Amino acid sequence: METNNFDFSKVPSGYPLCFHQQCPMSRQCIHFVAGQHVPPDITAGYAIYPSACLNGKCKFYREAREARLAWGFKHVYDKLPRHLRSMARKDITGYLGSVGTYYRYQSGERKLMPHQQEAIKAYMNKLGAEGDVDYEHYELSYDFGH
């Protein structure tokens with residue numbers, strides 16, 4: 001995987017990094033890729049120890065892949081009837097965790113991962129909205145999610 005344009009500023013705070021070059025999975029693992037791009041001014045943080053790699057398998061392995069992230073809810077509710085919009089917003093706020101978290105996704109401080117976008121789409125479709133959910137912004141970035 002080509003990682004020359006990796007932007008370390010997109011790595012979530014507290015994300016565990018890996019530096020175990022002998023791990024057979026390291027070149028395809030986002031933890032290792034992130035660990036290879038740590039800026040020189042960062043001198044400490046969470047790490048995955050080499051002992052996590054047993055028999056060529058690491059329990060923390062996560063494939064380094066790009067994902068289409070989304071944020072901004074200005075038009076998310078447009079395809080719903082007006083009488084359902086308030087309920088939908090309340091339910092989506094609950095799904096995301098809290099009002100504060102909802103606004104972090106609204107402003108782009110946090111980005112919706114593909115699985116979250118799919119869950120919101122399924123919920124909106126269940127309420128009668130047809131097609132995709134339209135977010136205000138999209139960005140291609142590495143998938144650090146679950």
# chains A, B, ... in the order shown; residues from 1 in each chain; ligands from 1
>>> closest_atom_pairs(of="stretch 52-80 of chain A", to="stretch 16-22 of chain A", cutoff="10 Å", atoms="only C-alpha atoms", output="CSV")
residue,atom,partner,partner_atom,distance
A:Ala52,CA,A:His20,CA,9.6
A:Cys53,CA,A:His20,CA,8.7
A:Gly56,CA,A:Gln22,CA,9.3
A:Phe60,CA,A:Pro16,CA,9.2
A:Tyr61,CA,A:Cys18,CA,9.7
>>> residues_around(residues="stretch 122-134 of chain A", least_positions_apart="2", cutoff="7 Å", atoms="only C-alpha atoms", output="list in words")
His75, Val76, Lys79, Leu80, Glu118, Ala119, Ile120 and Glu136 of chain A
>>> write_last_selection(atoms="N, CA, C and O atoms", output="PDB file, in the first residue's frame")
ATOM      1  N   HIS A  75     -28.572  18.511   5.305  1.00  0.00           N
ATOM      2  CA  HIS A  75     -29.557  17.943   4.380  1.00  0.00           C
ATOM      3  C   HIS A  75     -29.930  16.490   4.694  1.00  0.00           C
ATOM      4  O   HIS A  75     -30.658  15.868   3.930  1.00  0.00           O
ATOM      5  N   VAL A  76     -29.465  15.984   5.814  1.00  0.00           N
ATOM      6  CA  VAL A  76     -29.707  14.584   6.155  1.00  0.00           C
ATOM      7  C   VAL A  76     -31.202  14.283   6.275  1.00  0.00           C
ATOM      8  O   VAL A  76     -31.662  13.221   5.867  1.00  0.00           O
ATOM      9  N   LYS A  79     -35.184  14.228   3.124  1.00  0.00           N
ATOM     10  CA  LYS A  79     -36.018  13.228   2.449  1.00  0.00           C
ATOM     11  C   LYS A  79     -37.104  12.638   3.357  1.00  0.00           C
ATOM     12  O   LYS A  79     -37.845  11.761   2.940  1.00  0.00           O
ATOM     13  N   LEU A  80     -37.147  13.120   4.593  1.00  0.00           N
ATOM     14  CA  LEU A  80     -38.172  12.651   5.529  1.00  0.00           C
ATOM     15  C   LEU A  80     -39.354  13.619   5.568  1.00  0.00           C
ATOM     16  O   LEU A  80     -39.163  14.831   5.412  1.00  0.00           O
ATOM     17  N   GLU A 118     -23.917   3.767   7.062  1.00  0.00           N
ATOM     18  CA  GLU A 118     -24.850   2.712   6.673  1.00  0.00           C
ATOM     19  C   GLU A 118     -25.963   2.543   7.709  1.00  0.00           C
ATOM     20  O   GLU A 118     -27.123   2.333   7.349  1.00  0.00           O
ATOM     21  N   ALA A 119     -25.618   2.623   8.985  1.00  0.00           N
ATOM     22  CA  ALA A 119     -26.629   2.488  10.040  1.00  0.00           C
ATOM     23  C   ALA A 119     -27.632   3.640   9.974  1.00  0.00           C
ATOM     24  O   ALA A 119     -28.849   3.425  10.110  1.00  0.00           O
ATOM     25  N   ILE A 120     -27.152   4.842   9.748  1.00  0.00           N
ATOM     26  CA  ILE A 120     -28.036   6.002   9.637  1.00  0.00           C
ATOM     27  C   ILE A 120     -28.910   5.889   8.392  1.00  0.00           C
ATOM     28  O   ILE A 120     -30.111   6.157   8.429  1.00  0.00           O
ATOM     29  N   GLU A 136     -23.120  16.952   4.129  1.00  0.00           N
ATOM     30  CA  GLU A 136     -22.571  18.171   3.539  1.00  0.00           C
ATOM     31  C   GLU A 136     -21.152  17.986   3.012  1.00  0.00           C
ATOM     32  O   GLU A 136     -20.766  18.618   2.040  1.00  0.00           O
TER      33      GLU A 136
END
>>> atom_distance(atom1="atom CA of A:Arg65", atom2="atom CA of A:Pro39")
20.9 Å
>>> residues_around(residues="A:His37", least_positions_apart="5", cutoff="8 Å", atoms="only C-alpha atoms", output="ChimeraX atom specification")
/A:6-8
>>> select_by_dssp(residues="chain A", states="strand (DSSP E)", output="tab-separated table (two decimals) with N, CA, C and O atoms, in the first residue's frame")
chain	number	residue	atom	x	y	z
A	17	LEU	N	-0.12	2.70	18.40
A	17	LEU	CA	0.81	2.59	17.27
A	17	LEU	C	1.64	1.33	17.41
A	17	LEU	O	1.89	0.85	18.51
A	18	CYS	N	2.11	0.82	16.28
A	18	CYS	CA	2.94	-0.38	16.26
A	18	CYS	C	4.27	-0.06	15.57
A	18	CYS	O	4.29	0.67	14.58
A	47	ALA	N	1.21	2.24	22.56
A	47	ALA	CA	1.88	1.35	21.61
A	47	ALA	C	1.35	-0.07	21.74
A	47	ALA	O	0.88	-0.48	22.81
A	48	ILE	N	1.46	-0.80	20.65
A	48	ILE	CA	1.17	-2.23	20.65
A	48	ILE	C	2.51	-2.95	20.74
A	48	ILE	O	3.40	-2.70	19.93
A	53	CYS	N	1.96	-10.14	18.77
A	53	CYS	CA	2.07	-10.94	17.55
A	53	CYS	C	2.51	-12.35	17.92
A	53	CYS	O	3.66	-12.58	18.28
A	54	LEU	N	1.57	-13.28	17.86
A	54	LEU	CA	1.86	-14.67	18.19
A	54	LEU	C	1.60	-15.55	16.98
A	54	LEU	O	0.54	-15.46	16.37
A	57	LYS	N	0.31	-13.93	13.84
A	57	LYS	CA	-0.98	-13.24	13.88
A	57	LYS	C	-1.00	-12.26	15.04
A	57	LYS	O	-0.52	-12.55	16.13
A	58	CYS	N	-1.55	-11.08	14.78
A	58	CYS	CA	-1.64	-10.05	15.81
A	58	CYS	C	-3.10	-9.80	16.14
A	58	CYS	O	-3.92	-9.60	15.25
A	66	GLU	N	-8.42	2.86	2.91
A	66	GLU	CA	-9.05	4.17	2.88
A	66	GLU	C	-10.57	4.01	2.96
A	66	GLU	O	-11.11	2.99	2.54
A	67	ALA	N	-11.20	5.01	3.50
A	67	ALA	CA	-12.66	5.00	3.64
A	67	ALA	C	-13.19	6.40	3.32
A	67	ALA	O	-12.49	7.40	3.49
A	68	ARG	N	-14.43	6.44	2.87
A	68	ARG	CA	-15.09	7.71	2.60
A	68	ARG	C	-15.81	8.14	3.88
A	68	ARG	O	-16.80	7.53	4.28
A	69	LEU	N	-15.29	9.17	4.52
A	69	LEU	CA	-15.85	9.68	5.76
A	69	LEU	C	-16.81	10.81	5.44
A	69	LEU	O	-16.68	11.48	4.41
A	70	ALA	N	-17.77	11.03	6.33
A	70	ALA	CA	-18.79	12.07	6.08
A	70	ALA	C	-19.02	12.89	7.34
A	70	ALA	O	-18.81	12.41	8.46
A	71	TRP	N	-19.47	14.13	7.13
A	71	TRP	CA	-19.92	14.96	8.24
A	71	TRP	C	-20.81	16.07	7.72
A	71	TRP	O	-20.82	16.39	6.54
A	137	HIS	N	-20.38	17.14	3.69
A	137	HIS	CA	-18.96	17.00	3.33
A	137	HIS	C	-18.56	15.52	3.33
A	137	HIS	O	-19.05	14.74	4.13
A	138	TYR	N	-17.62	15.23	2.46
A	138	TYR	CA	-17.03	13.89	2.39
A	138	TYR	C	-15.52	14.05	2.26
A	138	TYR	O	-15.02	15.05	1.72
A	139	GLU	N	-14.81	13.05	2.76
A	139	GLU	CA	-13.35	13.06	2.66
A	139	GLU	C	-12.85	11.62	2.60
A	139	GLU	O	-13.39	10.75	3.27
A	140	LEU	N	-11.85	11.41	1.79
A	140	LEU	CA	-11.21	10.09	1.73
A	140	LEU	C	-10.05	10.10	2.71
A	140	LEU	O	-9.18	10.98	2.65
A	141	SER	N	-10.05	9.15	3.64
A	141	SER	CA	-9.02	9.09	4.67
A	141	SER	C	-8.85	7.64	5.09
A	141	SER	O	-9.64	6.78	4.70
A	142	TYR	N	-7.84	7.38	5.87
A	142	TYR	CA	-7.68	6.03	6.41
A	142	TYR	C	-8.76	5.72	7.39
A	142	TYR	O	-9.23	6.60	8.13
>>> select_by_dssp(residues="stretch 56-130 of chain A", states="helix (DSSP H, G or I)", output="ChimeraX atom specification")
/A:82-96,99-107,114-126
>>> write_last_selection(atoms="N, CA and C atoms", output="short mmCIF file (atom, residue, chain, number, x, y, z; two decimals), in the first residue's frame")
data_model
loop_
_atom_site.label_atom_id
_atom_site.label_comp_id
_atom_site.auth_asym_id
_atom_site.auth_seq_id
_atom_site.Cartn_x
_atom_site.Cartn_y
_atom_site.Cartn_z
N ARG A 82 -41.81 16.11 7.32
CA ARG A 82 -41.50 17.06 8.42
C ARG A 82 -41.84 16.52 9.80
N HIS A 83 -42.95 15.81 9.91
CA HIS A 83 -43.37 15.35 11.24
C HIS A 83 -42.45 14.26 11.82
N LEU A 84 -41.54 13.70 11.02
CA LEU A 84 -40.60 12.68 11.51
C LEU A 84 -39.19 13.22 11.76
N ARG A 85 -38.93 14.43 11.33
CA ARG A 85 -37.56 14.95 11.40
C ARG A 85 -37.04 15.12 12.82
N SER A 86 -37.87 15.64 13.70
CA SER A 86 -37.44 15.84 15.08
C SER A 86 -37.11 14.51 15.76
N MET A 87 -37.97 13.53 15.55
CA MET A 87 -37.74 12.21 16.13
C MET A 87 -36.46 11.59 15.55
N ALA A 88 -36.26 11.73 14.24
CA ALA A 88 -35.07 11.16 13.60
C ALA A 88 -33.81 11.80 14.16
N ARG A 89 -33.83 13.10 14.32
CA ARG A 89 -32.65 13.79 14.87
C ARG A 89 -32.37 13.31 16.29
N LYS A 90 -33.41 13.18 17.08
CA LYS A 90 -33.23 12.69 18.46
C LYS A 90 -32.65 11.27 18.46
N ASP A 91 -33.16 10.41 17.59
CA ASP A 91 -32.67 9.03 17.54
C ASP A 91 -31.23 8.96 17.02
N ILE A 92 -30.90 9.76 16.02
CA ILE A 92 -29.53 9.76 15.50
C ILE A 92 -28.57 10.34 16.54
N THR A 93 -29.02 11.36 17.27
CA THR A 93 -28.21 11.91 18.37
C THR A 93 -27.93 10.81 19.40
N GLY A 94 -28.95 10.03 19.73
CA GLY A 94 -28.76 8.91 20.67
C GLY A 94 -27.82 7.87 20.12
N TYR A 95 -27.94 7.55 18.84
CA TYR A 95 -27.04 6.58 18.21
C TYR A 95 -25.59 7.04 18.28
N LEU A 96 -25.37 8.33 18.08
CA LEU A 96 -24.00 8.87 18.09
C LEU A 96 -23.47 9.07 19.51
N VAL A 99 -25.68 14.85 22.56
CA VAL A 99 -25.85 16.07 21.78
C VAL A 99 -24.48 16.65 21.40
N GLY A 100 -23.56 16.63 22.35
CA GLY A 100 -22.22 17.15 22.07
C GLY A 100 -21.52 16.39 20.96
N THR A 101 -21.65 15.07 21.00
CA THR A 101 -21.05 14.24 19.96
C THR A 101 -21.72 14.50 18.61
N TYR A 102 -23.04 14.64 18.61
CA TYR A 102 -23.78 14.96 17.39
C TYR A 102 -23.20 16.22 16.74
N TYR A 103 -22.97 17.25 17.55
CA TYR A 103 -22.44 18.49 17.00
C TYR A 103 -20.99 18.36 16.55
N ARG A 104 -20.24 17.45 17.13
CA ARG A 104 -18.88 17.20 16.64
C ARG A 104 -18.92 16.58 15.25
N TYR A 105 -19.91 15.72 15.00
CA TYR A 105 -20.09 15.16 13.66
C TYR A 105 -20.67 16.20 12.71
N GLN A 106 -21.48 17.09 13.22
CA GLN A 106 -22.05 18.16 12.41
C GLN A 106 -20.94 19.10 11.91
N SER A 107 -20.04 19.47 12.81
CA SER A 107 -19.01 20.46 12.48
C SER A 107 -17.81 19.88 11.75
N PRO A 114 -17.85 4.60 7.53
CA PRO A 114 -18.82 3.95 6.64
C PRO A 114 -19.89 3.13 7.35
N HIS A 115 -19.54 2.40 8.41
CA HIS A 115 -20.55 1.60 9.12
C HIS A 115 -21.58 2.49 9.81
N GLN A 116 -21.17 3.67 10.27
CA GLN A 116 -22.12 4.60 10.87
C GLN A 116 -23.04 5.20 9.81
N GLN A 117 -22.46 5.53 8.65
CA GLN A 117 -23.26 6.06 7.55
C GLN A 117 -24.31 5.04 7.12
N GLU A 118 -23.92 3.77 7.06
CA GLU A 118 -24.85 2.71 6.67
C GLU A 118 -25.96 2.54 7.71
N ALA A 119 -25.62 2.62 8.99
CA ALA A 119 -26.63 2.49 10.04
C ALA A 119 -27.63 3.64 9.97
N ILE A 120 -27.15 4.84 9.75
CA ILE A 120 -28.04 6.00 9.64
C ILE A 120 -28.91 5.89 8.39
N LYS A 121 -28.33 5.44 7.28
CA LYS A 121 -29.10 5.24 6.05
C LYS A 121 -30.21 4.21 6.27
N ALA A 122 -29.89 3.10 6.90
CA ALA A 122 -30.89 2.05 7.15
C ALA A 122 -32.02 2.59 8.03
N TYR A 123 -31.66 3.37 9.03
CA TYR A 123 -32.67 3.97 9.91
C TYR A 123 -33.56 4.94 9.13
N MET A 124 -32.95 5.79 8.33
CA MET A 124 -33.71 6.77 7.55
C MET A 124 -34.61 6.06 6.53
N ASN A 125 -34.11 5.01 5.90
CA ASN A 125 -34.92 4.25 4.95
C ASN A 125 -36.10 3.58 5.66
N LYS A 126 -35.87 3.11 6.88
CA LYS A 126 -36.94 2.51 7.67
C LYS A 126 -38.05 3.53 7.96
#
>>> atom_distance(atom1="atom CA of A:Gly97", atom2="atom CA of A:His31")
25.5 Å
>>> residues_around(residues="A:Arg62", least_positions_apart="3", cutoff="9 Å", atoms="only C-alpha atoms", output="NGL selection string")
:A and (28-31 or 59 or 65 or 144 or 146)
>>> atom_distance(atom1="atom CA of A:Ala34", atom2="atom CA of A:Pro50")
15.7 Å
>>> decode(residues="stretch 10-94 of chain A", atoms="C-alpha atoms", output="short mmCIF file (atom, residue, chain, number, x, y, z; two decimals), in the first residue's frame")
data_model
loop_
_atom_site.label_atom_id
_atom_site.label_comp_id
_atom_site.auth_asym_id
_atom_site.auth_seq_id
_atom_site.Cartn_x
_atom_site.Cartn_y
_atom_site.Cartn_z
CA LYS A 10 -5.80 12.35 11.09
CA VAL A 11 -4.75 9.60 13.52
CA PRO A 12 -7.19 9.71 16.48
CA SER A 13 -5.77 10.82 19.80
CA GLY A 14 -4.70 7.83 21.86
CA TYR A 15 -4.64 5.50 18.85
CA PRO A 16 -2.21 2.64 19.57
CA LEU A 17 0.81 2.59 17.27
CA CYS A 18 2.94 -0.38 16.26
CA PHE A 19 6.66 -0.46 15.52
CA HIS A 20 7.13 -4.24 15.22
CA GLN A 21 8.84 -4.54 11.82
CA GLN A 22 9.20 -8.33 12.06
CA CYS A 23 5.44 -8.85 12.21
CA PRO A 24 4.41 -10.48 8.92
CA MET A 25 1.24 -8.36 8.88
CA SER A 26 2.91 -5.01 9.59
CA ARG A 27 2.99 -3.57 6.05
CA GLN A 28 -0.79 -3.94 5.69
CA CYS A 29 -1.71 -2.83 9.24
CA ILE A 30 -2.94 0.70 9.99
CA HIS A 31 -1.33 0.61 13.45
CA PHE A 32 2.09 -0.01 11.87
CA VAL A 33 1.54 2.48 9.01
CA ALA A 34 0.60 5.16 11.55
CA GLY A 35 3.65 4.25 13.66
CA GLN A 36 5.92 4.79 10.66
CA HIS A 37 4.64 8.37 10.24
CA VAL A 38 4.95 9.70 13.78
CA PRO A 39 6.24 13.30 13.61
CA PRO A 40 9.58 13.93 15.38
CA ASP A 41 7.98 16.19 18.01
CA ILE A 42 5.83 13.33 19.36
CA THR A 43 7.95 11.34 21.79
CA ALA A 44 5.46 9.21 23.76
CA GLY A 45 2.08 7.54 23.31
CA TYR A 46 0.15 4.30 23.25
CA ALA A 47 1.88 1.35 21.61
CA ILE A 48 1.17 -2.23 20.65
CA TYR A 49 3.94 -4.46 21.97
CA PRO A 50 5.67 -7.11 19.85
CA SER A 51 4.26 -9.75 22.21
CA ALA A 52 0.82 -9.09 20.65
CA CYS A 53 2.07 -10.94 17.55
CA LEU A 54 1.86 -14.67 18.19
CA ASN A 55 2.44 -17.31 15.52
CA GLY A 56 2.38 -14.65 12.80
CA LYS A 57 -0.98 -13.24 13.88
CA CYS A 58 -1.64 -10.05 15.81
CA LYS A 59 -4.82 -9.60 17.81
CA PHE A 60 -4.69 -5.85 17.08
CA TYR A 61 -4.31 -6.20 13.32
CA ARG A 62 -6.46 -3.77 11.36
CA GLU A 63 -6.15 -3.53 7.60
CA ALA A 64 -4.81 -0.19 6.36
CA ARG A 65 -7.53 0.94 3.98
CA GLU A 66 -9.05 4.17 2.88
CA ALA A 67 -12.66 5.00 3.64
CA ARG A 68 -15.09 7.71 2.60
CA LEU A 69 -15.85 9.68 5.76
CA ALA A 70 -18.79 12.07 6.08
CA TRP A 71 -19.92 14.96 8.24
CA GLY A 72 -22.51 17.72 8.31
CA PHE A 73 -26.23 17.07 8.77
CA LYS A 74 -27.79 20.07 7.03
CA HIS A 75 -29.56 17.94 4.38
CA VAL A 76 -29.71 14.58 6.15
CA TYR A 77 -33.38 14.97 7.07
CA ASP A 78 -34.57 16.49 3.78
CA LYS A 79 -36.02 13.23 2.45
CA LEU A 80 -38.17 12.65 5.53
CA PRO A 81 -41.67 14.03 6.10
CA ARG A 82 -41.50 17.06 8.42
CA HIS A 83 -43.37 15.35 11.24
CA LEU A 84 -40.60 12.68 11.51
CA ARG A 85 -37.56 14.95 11.40
CA SER A 86 -37.44 15.84 15.08
CA MET A 87 -37.74 12.21 16.13
CA ALA A 88 -35.07 11.16 13.60
CA ARG A 89 -32.65 13.79 14.87
CA LYS A 90 -33.23 12.69 18.46
CA ASP A 91 -32.67 9.03 17.54
CA ILE A 92 -29.53 9.76 15.50
CA THR A 93 -28.21 11.91 18.37
CA GLY A 94 -28.76 8.91 20.67
#
